[in-house]
Amino acid sequence: MISITDDLEELGKQRINGFDVQGFVRSYGPYNPSLMLIGEAPGENEIDTGISFTGRAGKELMKSLASIGLSREDVYITSSVRSRPFKWGTKKERDGTLVKRTYNRAPKAPEILAHAPLLDYEIKHVQPQLIVTLGTIGLQRLLGRQAKVTELHGQKLERSIQYLETLDDEVYSWTQEDYAIVPTFHPASIFYRPSLRDLLEQDWQRIGEYLKEINDKKS
């Protein structure tokens with residue numbers, strides 16, 4: 001198993017300090033795994049458990065992995081932001097009382113930039129055979145804001161990716177080496193758009209085929 005260093009985690013916490021985020025979820029997984037999965041950010045469930053993808057979306061992700069013969073232990077799971085971005089809202093209780101509480105939200109660009117060195121380090125040192133981005137945030141973190149899941153999902157892309165050359169940079173540079181990337185929809189997307197389920201399942205079957213091609217070349 002491999003994880004980022006304590007010093008780099010502490011740096012990540014410092015860099016995101018002051019944003020509307022809470023907690024920090026570590027990423028774990030094997031060295032040189034079949035897949036590295038890059039999600040968006042932890043949600044409320046993940047902050048409670050300290051484990052990535054443990055809510056409803058996590059159950060869907062585990063089904064997708066199982067469909068190609070993999071489990072959580074076989075892959076490296078990480079995210080573009082490692083703290084939970086939140087927003088304040090109100091919830092009506094059964095007795096009609098309004099209670100103020102926090103809700104999950106998508107991370108903002110400065111928050112993604114704050115944790116960019118963590119993901120850069122993981123990609124460089126974990127050395128996955130294939131990177132699968134789960135949703136728009138993970139995809140655009142690697143390939144830029146012009147990249148769209150709706151156009152690229154299920155395709156195997158061999159491209160350079162964005163990274164921070166120095167910690168002080170506010171603009172991403174591009175790696176000299178190419179990485180194999182397959183974008184797909186975030187597993188939670190089917191809760192809001194059930195029509196995406198078929199496309200998501202097709203993407204995962206393609207991911208399984210890509211992995212078989214990679215393994216066949218090795219043998």
# chains A, B, ... in the order shown; residues from 1 in each chain; ligands from 1

call {"tool": "residues_around", "arguments": {"residues": "range 82-92 of chain A", "least_positions_apart": "3", "cutoff": "10 Å", "atoms": "only C-alpha atoms", "output": "ChimeraX atom specification"}}
result
/A:9,12-13,16,19-27,39-47,52,78-79,95-108,111-112,114-116,118-119

call {"tool": "select_by_dssp", "arguments": {"residues": "range 3-218 of chain A", "states": "helix (DSSP H, G or I)", "output": "PyMOL selection string"}}
result
chain A and resi 6-15+44-49+56-67+72-74+109-114+116-126+136-143+149-152+189-192+194-218

call {"tool": "atom_distance", "arguments": {"atom1": "CA of Gln127 in chain A", "atom2": "CA of Pro33 in chain A"}}
result
7.4 Å

call {"tool": "residues_around", "arguments": {"residues": "Val75 in chain A", "least_positions_apart": "3", "cutoff": "6 Å", "atoms": "only C-alpha atoms", "output": "PDB file with C-alpha atoms, in the first residue's frame"}}
result
ATOM      1  CA  GLY A  29      -4.242   1.905  -2.422  1.00  0.00           C
ATOM      2  CA  PRO A  33      -2.505  -0.566  -9.441  1.00  0.00           C
ATOM      3  CA  LEU A  35      -6.674   1.724 -11.793  1.00  0.00           C
ATOM      4  CA  MET A  36      -6.343   5.055 -10.058  1.00  0.00           C
ATOM      5  CA  ARG A  72     -11.717  -1.538  -3.513  1.00  0.00           C
TER       6      ARG A  72
END

call {"tool": "closest_residue", "arguments": {"among": "A:Tyr179, A:Trp174, A:Phe185, A:Tyr76", "to": "Gln202 in chain A", "atoms": "only C-alpha atoms"}}
result
A:Phe185
